[in-house]
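Data from entry-v4.cif: mmCIF, C-alpha atoms
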data_model
#
loop_
_atom_site.label_atom_id
_atom_site.label_comp_id
_atom_site.auth_asym_id
_atom_site.auth_seq_id
_atom_site.Cartn_x
_atom_site.Cartn_y
_atom_site.Cartn_z
CA MET A 291 41.31 16.08 122.67
CA LEU A 292 40.07 16.22 119.06
CA LYS A 293 40.72 19.94 118.98
CA THR A 294 44.29 19.36 120.13
CA ILE A 295 44.86 16.76 117.41
CA PHE A 296 43.40 19.12 114.81
CA LEU A 297 45.72 21.94 115.88
CA VAL A 298 48.74 19.64 115.80
CA LEU A 299 47.84 18.49 112.29
CA CYS A 300 47.38 22.06 111.11
CA ALA A 301 50.70 23.05 112.61
CA GLY A 302 52.35 20.18 110.74
CA LEU A 303 50.80 21.24 107.46
CA HIS A 304 51.98 24.81 107.98
CA LEU A 305 55.47 23.63 108.85
CA PHE A 306 56.00 22.10 105.41
CA ALA A 307 53.88 24.43 103.22
CA LEU A 308 55.99 26.46 100.84
CA GLU A 309 55.58 29.20 98.26
CA ASN A 310 57.33 30.61 95.20
CA TYR A 311 59.26 27.45 94.38
CA THR A 312 61.57 28.50 91.54
CA LEU A 313 64.78 27.67 89.71
CA ASP A 314 68.07 29.03 90.99
CA ALA A 315 71.58 28.69 89.61
CA ARG A 316 74.29 29.86 91.97
CA GLN A 317 77.12 28.38 93.94
CA PHE A 318 78.93 28.57 97.27
CA TRP A 319 81.95 26.90 98.83
CA LYS A 320 82.00 25.03 102.11
CA ASP A 321 85.01 23.16 103.48
CA LYS A 322 86.69 23.44 100.06
CA THR A 323 83.70 21.73 98.41
CA LEU A 324 81.64 23.34 95.67
CA PHE A 325 77.90 23.39 96.29
CA LEU A 326 75.20 24.46 93.84
CA VAL A 327 71.97 26.22 94.74
CA ILE A 328 69.43 24.80 92.27
CA ARG A 329 66.05 25.82 93.75
CA ARG A 330 64.75 28.68 95.90
CA PHE A 331 61.51 28.85 97.88
CA GLU A 332 59.80 30.47 100.86
CA GLN A 333 58.77 28.44 103.87
CA ASN A 334 57.40 29.82 107.14
CA ASP A 335 58.41 33.33 106.04
CA ARG A 336 62.00 32.23 105.45
CA ILE A 337 63.90 31.84 102.20
CA ARG A 338 65.31 28.35 101.79
CA TYR A 339 67.29 26.60 99.10
CA LEU A 340 67.69 23.16 97.59
CA THR A 341 71.44 22.66 97.46
CA LEU A 342 73.68 20.09 95.82
CA ASN A 343 77.07 18.79 96.90
CA THR A 344 78.89 18.47 93.57
CA GLN A 345 81.27 15.84 94.97
CA THR A 346 78.79 13.43 96.60
CA LEU A 347 75.62 14.25 94.55
CA GLN A 348 73.72 14.61 97.83
CA THR A 349 71.01 17.27 98.05
CA ARG A 350 70.03 19.22 101.15
CA LEU A 351 67.49 21.87 102.09
CA MET A 352 69.25 24.84 103.65
CA SER A 353 68.83 28.40 104.84
CA LEU A 354 71.77 30.47 103.58
CA ASP A 355 73.20 33.93 103.87
CA GLU A 356 72.70 35.51 100.43
CA SER A 357 76.17 37.05 100.67
CA MET A 358 77.63 33.51 100.40
CA LEU A 359 76.11 32.95 96.98
CA GLU A 360 77.88 33.75 93.74
CA PRO A 361 77.40 33.06 90.02
CA ILE A 362 78.34 29.56 88.90
CA ALA A 363 81.96 29.32 87.77
CA PRO A 364 81.84 26.93 84.76
CA HIS A 365 85.49 25.89 84.98
CA ALA A 366 85.27 24.91 88.66
CA LEU A 367 81.98 23.10 88.12
CA ALA A 368 83.30 21.15 85.13
CA GLN A 369 85.87 19.38 87.32
CA THR A 370 83.25 17.87 89.65
CA PRO A 371 81.69 14.40 89.61
CA PHE A 372 78.28 16.05 89.29
CA ALA A 373 79.11 17.93 86.09
CA GLN A 374 80.85 14.94 84.56
CA THR A 375 77.89 12.67 85.32
CA LEU A 376 75.36 15.26 84.16
CA ASN A 377 77.15 15.74 80.83
CA ALA A 378 77.50 12.01 80.23
CA ALA A 379 73.88 11.22 81.16
CA THR A 380 72.31 14.00 79.11
CA ALA A 381 74.24 12.89 76.01
CA LEU A 382 72.32 9.58 76.09
CA TRP A 383 68.92 10.85 74.95
CA GLN A 384 68.23 7.70 72.91
CA LYS A 385 68.37 5.67 76.13
CA GLY A 386 66.59 8.25 78.28
CA GLY A 387 69.70 8.77 80.40
CA ILE A 388 72.53 6.88 82.01
CA ASP A 389 71.75 3.20 82.50
CA HIS A 390 74.85 1.78 84.21
CA ALA A 391 77.37 2.78 86.85
CA SER A 392 80.05 5.05 85.42
CA ARG A 393 82.79 3.88 87.76
CA ARG A 394 84.39 0.50 88.34
CA LEU A 395 82.65 -1.42 91.10
CA ASP A 396 82.87 -4.85 92.66
CA ALA A 397 79.70 -6.94 92.87
CA THR A 398 77.30 -3.99 93.08
CA LEU A 399 73.76 -3.34 91.82
CA PHE A 400 71.49 -0.31 92.02
CA LEU A 401 67.77 -0.84 92.58
CA THR A 402 65.29 1.70 91.18
CA MET A 403 61.52 1.52 91.52
CA ASP A 404 59.06 3.65 89.53
CA LEU A 405 55.78 4.95 90.88
CA CYS A 406 53.94 5.99 87.74
CA PRO A 407 50.25 6.95 88.01
CA SER A 408 48.07 3.94 88.80
CA SER A 409 44.42 3.28 89.58
CA LYS A 410 45.45 0.25 91.62
CA LYS A 411 45.41 0.51 95.39
CA GLY A 412 48.51 -0.22 97.39
CA TYR A 413 52.08 -0.72 96.22
CA GLU A 414 54.53 -3.61 96.08
CA SER A 415 54.91 -3.74 99.85
CA GLU A 416 55.13 -7.54 100.00
CA PHE A 417 58.06 -7.57 97.60
CA LEU A 418 59.85 -4.91 99.64
CA ARG A 419 59.31 -6.95 102.80
CA THR A 420 60.76 -10.01 101.06
CA LEU A 421 63.71 -7.97 99.86
CA THR A 422 64.54 -6.48 103.24
CA ARG A 423 64.04 -9.79 105.06
CA GLN A 424 66.70 -11.31 102.82
CA ASN A 425 69.00 -8.31 102.49
CA GLY A 426 68.44 -6.17 105.58
CA LYS A 427 68.24 -2.41 105.19
CA THR A 428 68.30 -1.72 101.47
CA PRO A 429 69.08 1.43 99.47
CA ILE A 430 66.56 2.12 96.71
CA ALA A 431 65.93 4.97 94.29
CA VAL A 432 62.18 5.62 94.11
CA ALA A 433 61.09 7.54 90.99
CA ILE A 434 57.83 9.15 92.01
CA SER A 435 55.18 11.09 90.11
CA SER A 436 52.80 13.55 91.77
CA ALA A 437 49.94 11.76 90.02
CA TRP A 438 50.74 8.58 91.96
CA LEU A 439 51.32 10.42 95.23
CA GLU A 440 48.02 12.29 95.10
CA HIS A 441 46.05 9.02 95.10
CA HIS A 442 48.33 7.03 97.40
CA GLU A 443 48.98 9.22 100.44
CA ALA A 444 48.98 6.34 102.93
CA GLU A 445 51.27 4.25 100.73
CA PHE A 446 53.68 7.15 100.39
CA GLU A 447 53.82 7.61 104.16
CA ALA A 448 54.44 3.89 104.63
CA LEU A 449 57.33 4.04 102.18
CA ARG A 450 58.75 7.25 103.64
CA ASN A 451 58.72 5.82 107.15
CA ASN A 452 59.96 2.32 106.32
CA PRO A 453 63.00 1.80 108.56
CA ASP A 454 64.31 -1.00 106.33
CA LEU A 455 64.65 1.22 103.25
CA SER A 456 67.12 4.00 102.53
CA ILE A 457 65.32 5.97 99.82
CA THR A 458 66.68 8.40 97.24
CA TRP A 459 63.66 10.27 95.86
CA VAL A 460 63.86 10.62 92.08
CA ASN A 461 61.77 13.09 90.04
CA HIS A 462 59.41 11.16 87.74
CA THR A 463 57.39 14.25 86.70
CA HIS A 464 54.17 15.78 87.96
CA THR A 465 51.54 14.21 85.68
CA HIS A 466 53.55 11.48 83.90
CA PHE A 467 51.52 12.16 80.74
CA TYR A 468 50.80 9.08 78.62
CA ASP A 469 48.29 8.47 75.84
CA ARG A 470 48.26 4.89 74.55
CA ALA A 471 46.96 6.15 71.18
CA LEU A 472 50.07 8.25 70.50
CA PRO A 473 53.46 7.10 69.21
CA ASP A 474 56.43 7.52 71.54
CA ARG A 475 57.79 10.49 69.57
CA LYS A 476 54.64 12.45 70.45
CA ASN A 477 54.02 10.96 73.89
CA PHE A 478 55.20 11.29 77.48
CA MET A 479 57.40 14.40 77.89
CA LEU A 480 57.47 14.84 74.09
CA HIS A 481 53.77 15.65 73.92
CA GLN A 482 53.17 19.09 72.44
CA GLY A 483 51.08 20.24 75.41
CA ILE A 484 53.64 19.45 78.11
CA ASP A 485 54.77 22.27 80.43
CA VAL A 486 58.28 21.01 81.15
CA GLN A 487 58.95 23.35 84.05
CA ALA A 488 55.69 22.49 85.80
CA GLU A 489 56.31 18.77 85.29
CA ILE A 490 59.71 19.03 86.96
CA LEU A 491 59.19 21.59 89.71
CA ASN A 492 55.72 20.60 90.92
CA VAL A 493 56.72 17.12 92.03
CA GLU A 494 59.76 18.50 93.84
CA GLN A 495 57.57 20.96 95.69
CA ARG A 496 55.13 18.20 96.68
CA LEU A 497 57.95 16.11 98.08
CA ILE A 498 59.35 18.97 100.15
CA GLU A 499 55.88 19.70 101.49
CA LYS A 500 55.69 16.04 102.51
CA GLY A 501 58.92 16.36 104.47
CA VAL A 502 61.41 14.70 102.12
CA THR A 503 64.25 16.10 100.03
CA PRO A 504 64.23 15.64 96.25
CA SER A 505 67.43 14.21 94.83
CA VAL A 506 69.45 15.39 91.85
CA PHE A 507 68.10 12.51 89.75
CA PHE A 508 65.32 12.46 87.16
CA ARG A 509 63.64 9.63 85.26
CA PHE A 510 61.80 10.28 82.02
CA PRO A 511 58.38 8.61 81.79
CA GLY A 512 58.73 5.68 79.43
CA LEU A 513 62.48 6.45 79.29
CA ILE A 514 61.56 8.62 76.29
CA ALA A 515 63.43 11.88 75.70
CA ASP A 516 65.03 13.99 73.00
CA GLU A 517 68.05 16.28 72.74
CA GLY A 518 66.04 19.37 73.68
CA LEU A 519 64.79 17.86 76.92
CA MET A 520 68.27 16.66 77.79
CA ARG A 521 69.64 20.14 77.17
CA ALA A 522 67.02 21.55 79.52
CA LEU A 523 68.03 19.12 82.27
CA ARG A 524 71.68 20.01 81.78
CA GLU A 525 71.44 23.78 81.43
CA HIS A 526 68.40 24.77 83.49
CA TYR A 527 67.29 22.08 85.93
CA PHE A 528 70.63 20.48 86.94
CA LEU A 529 69.11 17.00 87.01
CA ILE A 530 70.82 13.73 86.08
CA PRO A 531 68.53 11.49 83.96
CA LEU A 532 68.46 7.83 84.97
CA SER A 533 67.66 5.03 82.56
CA ALA A 534 68.20 1.32 83.28
CA ASP A 535 70.01 -1.56 81.62
CA ALA A 536 68.09 -4.14 83.66
CA TRP A 537 64.37 -3.47 83.20
CA ILE A 538 63.36 -6.77 84.74
CA ALA A 539 59.92 -7.14 83.09
CA LYS A 540 61.65 -6.77 79.70
CA ASN A 541 63.86 -9.74 80.58
CA GLN A 542 67.01 -7.64 80.94
CA HIS A 543 69.24 -9.47 83.42
CA PRO A 544 71.28 -7.49 85.98
CA GLU A 545 75.06 -7.46 85.75
CA ASN A 546 77.69 -5.78 87.88
CA GLY A 547 76.96 -2.04 87.94
CA SER A 548 73.44 -2.39 86.51
CA LEU A 549 70.61 0.00 87.26
CA ILE A 550 67.64 -2.29 87.89
CA LEU A 551 64.14 -1.05 87.02
CA ILE A 552 60.95 -2.37 88.56
CA HIS A 553 57.53 -0.78 89.01
CA GLY A 554 56.17 -0.49 92.52
CA ASN A 555 52.69 0.72 91.53
CA LYS A 556 51.27 -2.78 90.85
CA ASN A 557 51.12 -2.09 87.10
CA GLU A 558 53.94 -4.47 86.23
CA PRO A 559 53.68 -7.56 88.49
CA LEU A 560 55.70 -9.66 86.07
CA GLY A 561 58.85 -7.68 86.85
CA ILE A 562 58.24 -7.98 90.58
CA ASP A 563 57.76 -11.74 90.37
CA MET A 564 60.84 -12.17 88.19
CA LEU A 565 63.07 -10.14 90.51
CA GLU A 566 61.73 -11.91 93.59
CA HIS A 567 62.74 -15.23 92.06
CA MET A 568 66.18 -13.86 91.20
CA LEU A 569 66.84 -12.41 94.65
CA PRO A 570 68.47 -15.38 96.42
CA ASP A 571 71.02 -15.79 93.63
CA LEU A 572 71.59 -12.05 93.15
CA LEU A 573 72.19 -11.50 96.86
CA LYS A 574 74.83 -14.24 96.91
CA ARG A 575 76.76 -12.41 94.20
CA TYR A 576 75.98 -8.71 94.63
CA GLY A 577 75.18 -6.01 97.13
CA PHE A 578 72.89 -3.04 96.63
CA GLN A 579 74.26 0.47 96.99
CA ALA A 580 72.68 3.93 96.94
CA ILE A 581 72.31 5.34 93.44
CA GLU A 582 74.76 8.17 94.11
CA GLU A 583 77.51 5.60 94.57
CA ALA A 584 77.19 4.62 90.89
CA PHE A 585 78.75 7.89 89.82
CA VAL A 586 81.06 9.27 92.52
CA PRO A 587 84.72 8.25 92.89
#
Would you put the structure from the file into structure tokens?
Amino acid sequence: MLKTIFLVLCAGLHLFALENYTLDARQFWKDKTLFLVIRRFEQNDRIRYLTLNTQTLQTRLMSLDESMLEPIAPHALAQTPFAQTLNAATALWQKGGIDHASRRLDATLFLTMDLCPSSKKGYESEFLRTLTRQNGKTPIAVAISSAWLEHHEAEFEALRNNPDLSITWVNHTHTHFYDRALPDRKNFMLHQGIDVQAEILNVEQRLIEKGVTPSVFFRFPGLIADEGLMRALREHYFLIPLSADAWIAKNQHPENGSLILIHGNKNEPLGIDMLEHMLPDLLKRYGFQAIEEAFVP
């Protein structure tokens, strides 16, 4: 019996293991919709791709016929909601990205939760239970770092398998570097020793190996960026940086179209408590939607 379980577990690990995870930058058309191919990797001796629907901002892992793929046509791409959102978000380096819905919405909020590295066990599971008891199944953008995932495997699986959450997985970097002795301009992703490509690609690879699909969204640690990093997201990584105009622990109150920021790693309990107290009133006035809906027509 134990041998059988061991073999099943090994088979599962092999199923998701991947190699040669790299950048790609090509396109294909399907049903008159432009798709981008933004990553390429090998899995179980097959070449697979991380693809992006430029109309819906949804990502998908796919196997494709190479003959379908062609160089990106800048003019066609420029007309899409993805390109328009990417350009707008990467122009906001002082904010760390886009912090509010870019389209007109009625009574809508967008909940984002960061999982920065933490020595604390667990995650804000009680808050999420309170939220879903009051709201039902809830869309949430979870900005995850590999450094949190590596020490919270069970918590990650609980989140991933929570039937009451609809999760968009946001890239929050591999190590989430932070040194409390350094000023912001030399800290986080601006630290001189940062390998930007490794910070971005490694967490995506970890997520795919865990059986989930990375989204097209990115959140800078500390919401700290500069023009060079924004250019890299726009021109090389095809990732939309998310900021927030309602960081709850900083006493920023949500308004229609707000991107709410809380921390789910137990490092910022004040924000969790504040939002929990706000919930009954917020849910009378607003509904939560998936983060993609903030930017697509």
All file atoms of region 435-439 of chain A boxed axis-aligned, 5 Å per side, centre plus edges, as JSON:
{"center_x": 52.6, "center_y": 11.1, "center_z": 92.6, "size_x": 15.2, "size_y": 15.0, "size_z": 15.2}
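Using all atoms listed in the file for every distance, the candidate list A:Gln345, A:Trp537, A:Lys410, A:Leu313 yields A:Gln345 as the residue closest to Thr370 (chain A).
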* **Residues matched by the PyMOL selection byres ((chain A and resi 353-360) around 8), written as a count of residues only** => 11
* Counting all atoms listed in the file, which of A:Val493, A:Leu572, A:Leu439, A:Val486 gets nearest to His526 (chain A)? ->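 Residue with the minimum atom-to-atom distance to His526 (chain A): A:Val486.
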* Minimum-distance residue to Leu573 (chain A), chosen among A:Ser505, A:Asn377, A:Asn425, A:Ser392 (using all atoms listed in the file) ->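 That would be A:Asn425, the residue with the smallest distance to Leu573 (chain A).
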* Result set of the PyMOL selection byres ((chain A and resi 473-479) around 12) on the coordinates above, as a ChimeraX atom specification -> /A:384,386,406,462-472,480-490,509-520
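With all atoms listed in the file as the atoms that count, the residue of A:Lys574, A:Ile430, A:Ala363, A:Glu566 with the shortest distance to Asp404 (chain A) is A:Ile430.
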* Asked: In Å to one decimal, how far is CA of Ala539 (chain A) from CA of Glu558 (chain A)?
  ->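 For CA of Glu558 (chain A) relative to CA of Ala539 (chain A), the distance reads 7.3 Å.
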Who sits within 10 Å of Gln333 (chain A), only C-alpha atoms, same chain under 3 positions skipped, as a PDB file with C-alpha atoms, keeping the file's coordinate frame:
ATOM      1  CA  HIS A 304      51.980  24.810 107.980  1.00  0.00           C
ATOM      2  CA  LEU A 305      55.470  23.630 108.850  1.00  0.00           C
ATOM      3  CA  PHE A 306      56.000  22.100 105.410  1.00  0.00           C
ATOM      4  CA  ALA A 307      53.880  24.430 103.220  1.00  0.00           C
ATOM      5  CA  LEU A 308      55.990  26.460 100.840  1.00  0.00           C
ATOM      6  CA  GLU A 309      55.580  29.200  98.260  1.00  0.00           C
ATOM      7  CA  ASN A 310      57.330  30.610  95.200  1.00  0.00           C
ATOM      8  CA  TYR A 311      59.260  27.450  94.380  1.00  0.00           C
ATOM      9  CA  ARG A 330      64.750  28.680  95.900  1.00  0.00           C
ATOM     10  CA  ARG A 336      62.000  32.230 105.450  1.00  0.00           C
ATOM     11  CA  ILE A 337      63.900  31.840 102.200  1.00  0.00           C
ATOM     12  CA  ARG A 338      65.310  28.350 101.790  1.00  0.00           C
ATOM     13  CA  TYR A 339      67.290  26.600  99.100  1.00  0.00           C
ATOM     14  CA  GLU A 499      55.880  19.700 101.490  1.00  0.00           C
TER      15      GLU A 499
END
* Between A:Leu549, A:Val432, A:Phe507, A:Leu340, which has the minimum distance to Phe372 (chain A) (counting only C-alpha atoms)? ->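 Under the stated criterion, the closest residue is A:Phe507.
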* Residue IDs satisfying the PyMOL selection byres ((chain A and resi 413) around 10), as a VMD selection string -> chain A and resid 405 408 410 to 412 414 to 418 442 445 to 446 448 to 449 553 to 557
* Asked: Do you know which residues are at most 6 Å from Asn461 (chain A) counting only C-alpha atoms, after dropping those on the same chain fewer than 2 positions away, and could you put them as a ChimeraX atom specification?
  -> /A:433-434,463,508
* To do: Would you mind listing what lies within 10 Å of Leu395 (chain A) as a PyMOL selection string, with all atoms listed in the file counted and same-chain residues fewer than 5 positions away left out?
  => chain A and resi 546-547+583-584
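One distance worth recording is that between CA of Ser456 (chain A) and CA of Leu401 (chain A), which is 11.1 Å.
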* Asked: What is the CA of His390 (chain A)-CA of Leu551 (chain A) distance in Å, reported with one decimal?
  -> 11.4 Å
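The closest residue to Ala522 (chain A), picked from A:Leu376, A:Ala431, A:Leu399, A:Val586 and counting all atoms listed in the file, is A:Leu376.
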